[in-house]
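Peer 1: Structure file input11.tsv, TSV, C-alpha atoms, is pasted below:
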```tsv
chain	number	residue	atom	x	y	z
R	1	MET	CA	21.72	56.44	72.66
R	2	MET	CA	19.58	54.31	70.37
R	3	ARG	CA	17.60	51.43	71.74
R	4	PRO	CA	18.56	48.02	70.29
R	5	ARG	CA	15.21	47.72	68.51
R	6	THR	CA	15.63	51.13	66.84
R	7	ALA	CA	19.20	50.30	65.85
R	8	LEU	CA	17.97	47.06	64.26
R	9	LEU	CA	15.31	48.98	62.34
R	10	TRP	CA	17.91	51.45	61.02
R	11	ASN	CA	20.19	48.58	59.97
R	12	VAL	CA	17.34	46.85	58.15
R	13	LEU	CA	16.32	50.10	56.43
R	14	PHE	CA	19.90	50.69	55.38
R	15	GLY	CA	20.21	47.17	53.96
R	16	VAL	CA	16.93	47.44	52.08
R	17	SER	CA	17.76	50.87	50.63
R	18	LEU	CA	21.21	49.65	49.59
R	19	ALA	CA	19.71	46.57	47.92
R	20	VAL	CA	17.11	48.67	46.08
R	21	LEU	CA	19.76	51.15	44.94
R	22	THR	CA	21.96	48.30	43.72
R	23	TYR	CA	19.03	46.77	41.83
R	24	PHE	CA	18.21	50.12	40.21
R	25	ALA	CA	21.82	50.57	39.13
R	26	TYR	CA	21.93	47.02	37.71
R	27	GLU	CA	18.67	47.48	35.80
R	28	ALA	CA	19.76	50.86	34.44
R	29	ILE	CA	22.97	49.34	33.13
R	30	ARG	CA	21.20	46.23	31.77
R	31	ILE	CA	18.41	48.14	30.03
R	32	GLY	CA	20.66	50.87	28.68
R	33	ALA	CA	20.54	54.63	28.94
R	34	THR	CA	18.22	55.05	25.92
R	35	ASN	CA	15.22	53.41	27.58
R	36	ASP	CA	12.79	55.71	29.47
R	37	ILE	CA	12.56	53.33	32.42
R	38	SER	CA	16.31	53.63	32.94
R	39	GLY	CA	15.98	57.31	33.81
R	40	LEU	CA	13.10	56.51	36.14
R	41	LEU	CA	15.12	53.82	37.89
R	42	TRP	CA	18.10	56.13	38.30
R	43	ALA	CA	15.86	58.92	39.62
R	44	ALA	CA	14.21	56.59	42.14
R	45	GLY	CA	17.63	55.30	43.22
R	46	ILE	CA	18.96	58.81	43.72
R	47	VAL	CA	15.86	59.79	45.71
R	48	LEU	CA	16.33	56.77	47.99
R	49	PHE	CA	20.05	57.47	48.36
R	50	VAL	CA	19.55	61.16	49.19
R	51	GLY	CA	16.61	60.40	51.50
R	52	PHE	CA	18.61	57.86	53.45
R	53	PHE	CA	21.55	60.21	53.97
R	54	ARG	CA	19.28	63.13	54.82
R	55	PHE	CA	17.97	61.26	57.84
R	56	ALA	CA	20.84	58.92	58.72
R	57	THR	CA	23.80	61.31	58.53
R	58	PRO	CA	22.88	63.34	61.67
R	59	LEU	CA	22.38	60.12	63.62
R	60	VAL	CA	25.72	58.70	62.53
R	61	ALA	CA	27.49	62.01	63.26
R	62	ALA	CA	25.99	62.20	66.76
R	63	ARG	CA	26.94	58.60	67.56
R	64	ASP	CA	30.47	59.21	66.27
R	65	PHE	CA	30.79	62.39	68.36
R	66	VAL	CA	29.70	60.62	71.54
R	67	ARG	CA	31.99	57.65	70.83
R	68	LYS	CA	35.00	59.94	70.35
R	69	ASN	CA	34.08	62.29	73.23
R	70	PRO	CA	32.56	60.15	76.01
R	71	ASN	CA	32.84	63.00	78.54
R	72	ALA	CA	30.71	65.29	76.36
R	73	LEU	CA	27.58	63.79	77.87
R	74	GLY	CA	28.68	64.42	81.44
R	75	PRO	CA	26.58	66.33	83.96
R	76	VAL	CA	26.17	70.08	83.49
R	77	THR	CA	24.54	72.83	85.51
R	78	GLN	CA	22.28	75.29	83.76
R	79	THR	CA	21.39	78.61	85.32
R	80	VAL	CA	18.69	80.77	83.76
R	81	SER	CA	18.16	84.45	84.40
R	82	SER	CA	16.75	87.50	82.65
R	83	SER	CA	20.06	87.98	80.86
R	84	GLY	CA	20.25	84.46	79.39
R	85	VAL	CA	21.41	80.91	79.98
R	86	ARG	CA	24.66	79.93	81.67
R	87	ILE	CA	25.88	76.35	81.30
R	88	HIS	CA	28.72	75.02	83.42
R	89	GLY	CA	30.11	71.53	82.94
R	90	GLU	CA	33.19	69.41	83.41
R	91	LEU	CA	34.61	70.44	80.02
R	92	GLY	CA	33.90	74.17	80.25
R	93	GLU	CA	31.28	76.82	80.62
R	94	GLY	CA	29.45	79.35	78.51
R	95	THR	CA	26.81	82.02	78.63
R	96	SER	CA	24.23	82.71	75.93
R	97	PRO	CA	21.81	85.63	75.91
R	98	TRP	CA	18.17	84.74	75.25
R	99	LYS	CA	18.34	86.22	71.73
R	100	THR	CA	20.72	83.36	70.84
R	101	TYR	CA	17.88	80.83	70.82
R	102	GLN	CA	15.93	80.73	67.56
R	103	ARG	CA	13.48	78.21	68.94
R	104	VAL	CA	12.60	76.46	72.19
R	105	ARG	CA	10.65	73.23	71.95
R	106	GLU	CA	9.16	71.15	74.73
R	107	THR	CA	8.48	67.45	74.36
R	108	ARG	CA	7.00	65.01	76.84
R	109	SER	CA	10.38	64.48	78.52
R	110	LEU	CA	12.70	67.27	77.29
R	111	PHE	CA	13.24	70.95	76.69
R	112	LEU	CA	15.21	71.64	73.50
R	113	LEU	CA	16.87	75.05	73.12
R	114	TYR	CA	17.95	75.68	69.51
R	115	PRO	CA	20.76	78.20	68.99
R	116	LEU	CA	21.00	76.81	65.42
R	117	SER	CA	18.29	75.24	63.30
R	118	ASN	CA	19.91	71.78	63.44
R	119	TYR	CA	21.54	71.84	66.90
R	120	SER	CA	19.87	71.95	70.28
R	121	ILE	CA	20.78	72.05	73.92
R	122	ILE	CA	18.89	69.24	75.62
R	123	ILE	CA	17.44	69.68	79.10
R	124	PRO	CA	15.73	66.52	80.41
R	125	LYS	CA	12.67	67.18	82.57
R	126	ARG	CA	13.88	64.54	85.02
R	127	CYS	CA	16.50	67.09	86.12
R	128	PHE	CA	13.80	69.29	87.65
R	129	SER	CA	12.85	68.55	91.23
R	130	SER	CA	9.11	69.15	90.83
R	131	PRO	CA	6.38	70.01	88.32
R	132	ASP	CA	6.30	73.53	89.80
R	133	GLU	CA	9.95	73.98	88.85
R	134	ILE	CA	9.17	72.88	85.28
R	135	GLU	CA	6.35	75.43	85.12
R	136	ARG	CA	8.66	78.14	86.45
R	137	TYR	CA	11.18	77.26	83.74
R	138	ARG	CA	8.41	77.59	81.11
R	139	GLN	CA	7.47	81.01	82.47
R	140	ILE	CA	11.07	82.23	82.28
R	141	ILE	CA	11.34	81.01	78.69
R	142	ARG	CA	8.03	82.66	77.72
R	143	ARG	CA	9.08	85.93	79.29
R	144	TYR	CA	12.63	86.28	77.99
R	145	CYS	CA	13.12	84.14	74.87
R	146	PRO	CA	12.25	86.06	71.67
R	147	GLY	CA	12.47	82.98	69.43
R	148	THR	CA	9.71	80.60	68.36
R	149	LEU	CA	8.24	78.80	71.36
R	150	GLU	CA	6.66	75.35	71.23
R	151	LEU	CA	5.82	74.83	74.89
R	152	LYS	CA	3.16	72.74	76.61
R	153	ASN	CA	0.29	74.39	78.52
```
Since I need it in another form, could you write the structure as structure tokens?
Peer 2:
Amino acid sequence: MMRPRTALLWNVLFGVSLAVLTYFAYEAIRIGATNDISGLLWAAGIVLFVGFFRFATPLVAARDFVRKNPNALGPVTQTVSSSGVRIHGELGEGTSPWKTYQRVRETRSLFLLYPLSNYSIIIPKRCFSSPDEIERYRQIIRRYCPGTLELKN
């Protein structure tokens, strides 16, 4: 979930990009299609439009998914073994072999397992009972996951 300050920033950026795009469209119409600057204004407007939707669309889709499926963020149990990852939750369960994960990335507070390039399974580090358990999890990933690894230590 977005923090209020981040949400405000996104709303401001959206408003500014919309205003700039509107201005570019107005100027392009006012100047006429034969002027060189018109093409430049349209190109800049399209770049802003595409750039905004490139970064904002996943955020909006994720927020919409969570709003429509509030139970999707419920607690789950993940079990790792040499054969893969088993996830069991309130809505169902599934097993994935290690070869499913194209990439595993570790951040300061999360492990992200990517079965697809734009989708990840999120494992918060707060779910581990100790730093030793986190290190053990890293060792299992290093040993069995054939994908790209971006782990700490």
Peer 1: Give me, please, the distance in Å between atom CA of R:Asn11 and atom CA of R:Leu73, quoted to one decimal.
Peer 2: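 Taking atom CA of R:Asn11 as the start and atom CA of R:Leu73 as the end point, the length is 24.6 Å.
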Peer 1: If I take atom CA of R:Glu93 and atom CA of R:Leu149, how far is one from the other in Å, to one decimal?
Peer 2: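 Atom-to-atom, atom CA of R:Glu93 to atom CA of R:Leu149, that is 24.9 Å.
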Peer 1: To one decimal in Å, tell me the separation between atom CA of R:Pro124 and atom CA of R:Ser83.
Peer 2: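 Result for atom CA of R:Pro124 versus atom CA of R:Ser83: 21.9 Å, one decimal.
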Peer 1: Using all atoms listed in the file for the distances, tell me which of R:Ser17, R:Thr148, R:Asn118, R:Asn153 is nearest to R:Trp98.
Peer 2: R:Thr148
Peer 1: I need the residue nearest R:Leu110 from this list: R:Ile87, R:Leu151, R:Leu59, R:Thr79. Use all atoms listed in the file for the distance.
Peer 2: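 Checking each candidate against R:Leu110, we get R:Leu151 as the closest.
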Peer 1: Check the smallest atom-to-atom distance from each of R:Ser81, R:Phe65, R:Phe24, R:Thr100 to R:Arg136 using all atoms listed in the file, then report the winner.
Peer 2: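 Among the listed residues, the smallest separation from R:Arg136 belongs to R:Ser81.
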Peer 1: Determine, counting only C-alpha atoms, which protein, DNA and RNA residues have an atom within 10 Å of an atom of R:Ala72; residues of the same chain fewer than 5 positions away are not included. Present the result as a list in words.
Peer 2: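 Once the nearby chain positions are removed, what remains is Phe65, Val66, Arg67, Gly89, Glu90 and Leu91 of chain R.
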Peer 1: Compare R:Val80, R:Phe49, R:Phe128, R:Ser109 by their minimum atom-to-atom distance to R:Ser96, counting all atoms listed in the file, and give me the closest one.
Peer 2: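 Selected residue with least distance to R:Ser96: R:Val80.
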Peer 1: I need the residue nearest R:Ser117 from this list: R:Asn69, R:Gln102, R:Ser82, R:Thr77. Use only C-alpha atoms for the distance.
Peer 2: R:Gln102
Peer 1: Every residue with an atom at most 10 Å from (15.1, 78.8, 67.0) (file coordinates; all atoms listed in the file) is what I'm after, so could you write them as a PyMOL selection string?
Peer 2: chain R and resi 99-105+112-120+145-149
Peer 1: Atoms to include: C-alpha atoms. Write the selected residues as a PDB file, keeping the file's coordinate frame.
Peer 2:
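Saved file result-v5.pdb follows:
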```
ATOM      1  CA  LYS R  99      18.340  86.220  71.730  1.00  0.00           C
ATOM      2  CA  THR R 100      20.720  83.360  70.840  1.00  0.00           C
ATOM      3  CA  TYR R 101      17.880  80.830  70.820  1.00  0.00           C
ATOM      4  CA  GLN R 102      15.930  80.730  67.560  1.00  0.00           C
ATOM      5  CA  ARG R 103      13.480  78.210  68.940  1.00  0.00           C
ATOM      6  CA  VAL R 104      12.600  76.460  72.190  1.00  0.00           C
ATOM      7  CA  ARG R 105      10.650  73.230  71.950  1.00  0.00           C
ATOM      8  CA  LEU R 112      15.210  71.640  73.500  1.00  0.00           C
ATOM      9  CA  LEU R 113      16.870  75.050  73.120  1.00  0.00           C
ATOM     10  CA  TYR R 114      17.950  75.680  69.510  1.00  0.00           C
ATOM     11  CA  PRO R 115      20.760  78.200  68.990  1.00  0.00           C
ATOM     12  CA  LEU R 116      21.000  76.810  65.420  1.00  0.00           C
ATOM     13  CA  SER R 117      18.290  75.240  63.300  1.00  0.00           C
ATOM     14  CA  ASN R 118      19.910  71.780  63.440  1.00  0.00           C
ATOM     15  CA  TYR R 119      21.540  71.840  66.900  1.00  0.00           C
ATOM     16  CA  SER R 120      19.870  71.950  70.280  1.00  0.00           C
ATOM     17  CA  CYS R 145      13.120  84.140  74.870  1.00  0.00           C
ATOM     18  CA  PRO R 146      12.250  86.060  71.670  1.00  0.00           C
ATOM     19  CA  GLY R 147      12.470  82.980  69.430  1.00  0.00           C
ATOM     20  CA  THR R 148       9.710  80.600  68.360  1.00  0.00           C
ATOM     21  CA  LEU R 149       8.240  78.800  71.360  1.00  0.00           C
TER      22      LEU R 149
END
```
Peer 1: So which residues fall inside 10 Å of (20.4, 51.8, 46.4) if we count all atoms listed in the file? Mind giving them as a ChimeraX atom specification?
Peer 2: /R:14-25,42,44-50,52
